[in-house]
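> Would you mind keeping the following structure in view while I ask a few things?
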Amino acid sequence: YSFTASSLEPADPLADWDHYNLSVTNGATLRGGSLQTYGEYSYPAAHTLRIMDHANPSTFAVTNSTADYLNLMLDDKVDLDFTNSSLRHVSCTIGADSSLTVSGGSWRPENAASMTNPESLIAGGEGGNTQVNLTAGAAVHELDVSIGQGPYGDPPPPFGLCTLTVDGGTVWTGSLSAASTGAGQASVSISGIDTNVGLQNLNLGATAYPNFTQGMTGTVFAGFDTMPGGTANLSVTSGSRVSVGCYTDAFGGWQRPDSFFPDPPRAVLNDSNVTTDATSAIFVGDVSSAVALDYRNGALVIGPEGYLLGTGTITGAAADGNDLVNAGGVIAPGFSPGQIDVDGNFLMESGTLNMEIDSNDPGGADKIVADQISILSGTIKIVSTLNFDVGSAVSIDLFETASLNIDPAVIVEIDPLLGPATFDRQTGILTAAASGIRRDDLNANGVLDVLDAVLPASGSSVERPTITSNPTGGSVYTFRRLDSSIGPRIVTVQWSQDLTNWTDIPIDANNNLPEVQIQENGSDPDRIQVTLPYTVGQTRIFARLRVE
């Protein structure tokens, strides 16, 4: 099930190690295994060919031929070339001071239905200085590339720059992790008219892992865990196109089989650079049709369901100067905190901007730096990190620019932990006085339990809202309106049948208001009841008490 070429260490320490040359040419087939079917699933029985323990460069070449069902394990100093050949179910690991060139031909699963996992390419080894080239119209589908992953240590051992070049009308789909661990270094260049790259996710100097939690409607996406690594640069030029998260329709129908959970498309950076010229474009998002890809020459666009995370510099050449555009996605600078620099303008047409406050010190908050910043629609969410000193005063600038324009229609959501706070749309400065919130007010997860603060303890416990069924039809929702020690609060009661569409329920019978206000150090406690609507045959109803 495996073939290993390995030489023992020479007795003479000054002698050279051996080297190996393997050539597959003129229509030959190098086959490592077969396709095995178990029930409804098919598994490639990929066997291993290994070249190791050598010093002089060894070569591995497949020319005008076929390689399938192989795991290639190639040590340092290996030159690997696939020329006008067909690779099916081939994964490859190559070490330091090595090279891989795929010129023409194809590298893909035999068919989408038989693929249980993407093929993989891991390049760089422990020392780096590895080059990977996908050129001359190579069609590379469902290949996850990990290049330039660096070593750990204090200080880490030397690691050379690894490079990935994609050009010449090449199509590549999969995912890319470049220098995303340790002290890695990587440079990625994508160029050429008709060069299309479609990625599930893009990791440049960092990695983002999606979190999933169990909610009332099942398993839901709950953000990312991020881990910084090394540094990487991405250059997209000469008419090429890069899409992150939407290659299914754009590139020939190749689709990664559904996993247990959805995997949101994202680009994550750590002190890394993304550069686009005036003929090329990058899009991060998830769309149902290729024609909906929001490609804008010279710009990085974050579209619906797309995420841009981390720190780095975005350099574009857009005709309107908007080199970073949020068109319905989520942009979250930093690693609590951190900064995104735009060498040009930042435009937010829609979507969300997540900004974290870690402290009141300089550099203690997420920041976006750009020549001009225009936020025309969407939501700015300002939250505190777990390191934030609860109750402290804050005055911090979230933007650095010569021109800031935040439309009045933009929604600004501020974390209650920041206390009574204001956000100046003219300057981008968040100001919050000392809130008076104590650590004791936080629950086990370090989050302020607003309900406990609005509905203080009655006796020895908090009197929670209740729903009482009426035998003749309908139900009564009851809660207590009490004074609050954390400032005024607006309370709204709503009902729903599907947890999606919510309708306000009038609270004050005198003037039919849909909400009541809890004043700081307000009036004596009182009990409020509202009647939930009822329809004959109705099987369930949901109610919620919203506190703002």
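Just so we're on the same page: first chain in the structure tokens is A, next is B, and so on; residues restart at 1 for each chain, and ligands are numbered from 1 in the order they show up.
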Can you pull out the residues contacting region 282-287 of chain A? Cut-off 6 Å, using only C-alpha atoms, and skip same-chain residues under 6 positions away; I want them as a CSV table (one decimal) with N, CA, C and O atoms, in the first residue's frame.

```
chain,number,residue,atom,x,y,z
A,242,VAL,N,-11.0,36.9,-8.4
A,242,VAL,CA,-10.9,36.0,-7.2
A,242,VAL,C,-12.3,36.2,-6.5
A,242,VAL,O,-12.7,37.3,-6.2
A,243,SER,N,-12.9,35.1,-6.2
A,243,SER,CA,-14.2,35.1,-5.4
A,243,SER,C,-14.0,34.1,-4.2
A,243,SER,O,-13.5,33.0,-4.4
A,244,VAL,N,-14.4,34.6,-3.1
A,244,VAL,CA,-14.3,33.8,-1.9
A,244,VAL,C,-15.7,33.4,-1.4
A,244,VAL,O,-16.5,34.3,-1.0
A,245,GLY,N,-16.1,32.1,-1.5
A,245,GLY,CA,-17.4,31.7,-1.0
A,245,GLY,C,-18.4,31.5,-2.1
A,245,GLY,O,-19.5,31.1,-1.8
A,246,CYS,N,-18.1,31.7,-3.4
A,246,CYS,CA,-19.2,31.7,-4.4
A,246,CYS,C,-18.7,31.0,-5.7
A,246,CYS,O,-19.2,31.4,-6.7
A,265,PRO,N,-18.3,32.1,4.0
A,265,PRO,CA,-17.2,32.6,3.3
A,265,PRO,C,-16.5,33.7,4.1
A,265,PRO,O,-17.2,34.7,4.5
A,300,LEU,N,-11.8,45.5,-3.4
A,300,LEU,CA,-12.1,44.3,-2.6
A,300,LEU,C,-13.6,44.6,-2.1
A,300,LEU,O,-13.8,45.5,-1.3
A,301,VAL,N,-14.5,43.7,-2.5
A,301,VAL,CA,-15.9,43.9,-2.1
A,301,VAL,C,-16.3,42.8,-1.2
A,301,VAL,O,-16.1,41.6,-1.5
A,302,ILE,N,-16.9,43.2,0.0
A,302,ILE,CA,-17.5,42.2,0.9
A,302,ILE,C,-19.0,42.2,0.7
A,302,ILE,O,-19.7,43.1,1.0
A,303,GLY,N,-19.5,41.1,0.1
A,303,GLY,CA,-20.9,41.0,-0.2
A,303,GLY,C,-21.7,40.2,0.8
A,303,GLY,O,-21.3,39.9,1.9
A,304,PRO,N,-23.0,39.9,0.5
A,304,PRO,CA,-23.9,39.2,1.5
A,304,PRO,C,-23.3,37.9,1.9
A,304,PRO,O,-22.7,37.2,1.2
A,305,GLU,N,-23.4,37.7,3.2
A,305,GLU,CA,-22.9,36.5,3.9
A,305,GLU,C,-21.4,36.5,4.0
A,305,GLU,O,-20.8,35.5,4.5
A,306,GLY,N,-20.7,37.5,3.5
A,306,GLY,CA,-19.2,37.5,3.5
A,306,GLY,C,-18.6,38.2,4.7
A,306,GLY,O,-19.3,39.1,5.3
```
> Just list the residues in region 290-446 of chain A DSSP gives strand (DSSP E or B) on the backbone, as a PyMOL selection string.
chain A and resi 300-302+307-315+322-334+339-343+345-357+365+367-369+372-375+379-384+394-397+399-400+403-406+411-414+421-424+429-432+442
> Which of these, A:Lys367, A:Asn64, A:Val78, A:Thr29, has the shortest distance to Ile51 (chain A) once you count only C-alpha atoms?
A:Val78
> If we count only C-alpha atoms, what is near Ser359 (chain A) at a cut-off of 9 Å, once residues fewer than 6 positions away on the same chain are taken out, given as a PyMOL selection string?
chain A and resi 365+384-385+387-389+392+394+396
> Could you write out that same residue set with C-alpha atoms as a CSV table (one decimal), in the first residue's frame?

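The file below, result.csv, is the result:
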```csv
chain,number,residue,atom,x,y,z
A,365,ALA,CA,-10.1,49.8,20.1
A,384,SER,CA,-16.6,45.6,24.6
A,385,THR,CA,-14.1,42.7,24.9
A,387,ASN,CA,-10.7,42.5,28.9
A,388,PHE,CA,-12.7,45.8,29.1
A,389,ASP,CA,-12.7,47.4,32.5
A,392,SER,CA,-14.7,52.8,33.2
A,394,VAL,CA,-14.3,55.8,27.5
A,396,ILE,CA,-11.9,56.7,21.7
```
> Rank A:Ala370, A:Ile147, A:Val132, A:Val268 by their smallest atom-to-atom distance to Ile331 (chain A), using only C-alpha atoms, and report the top residue only.
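The answer is A:Val268, which sits nearest to Ile331 (chain A).
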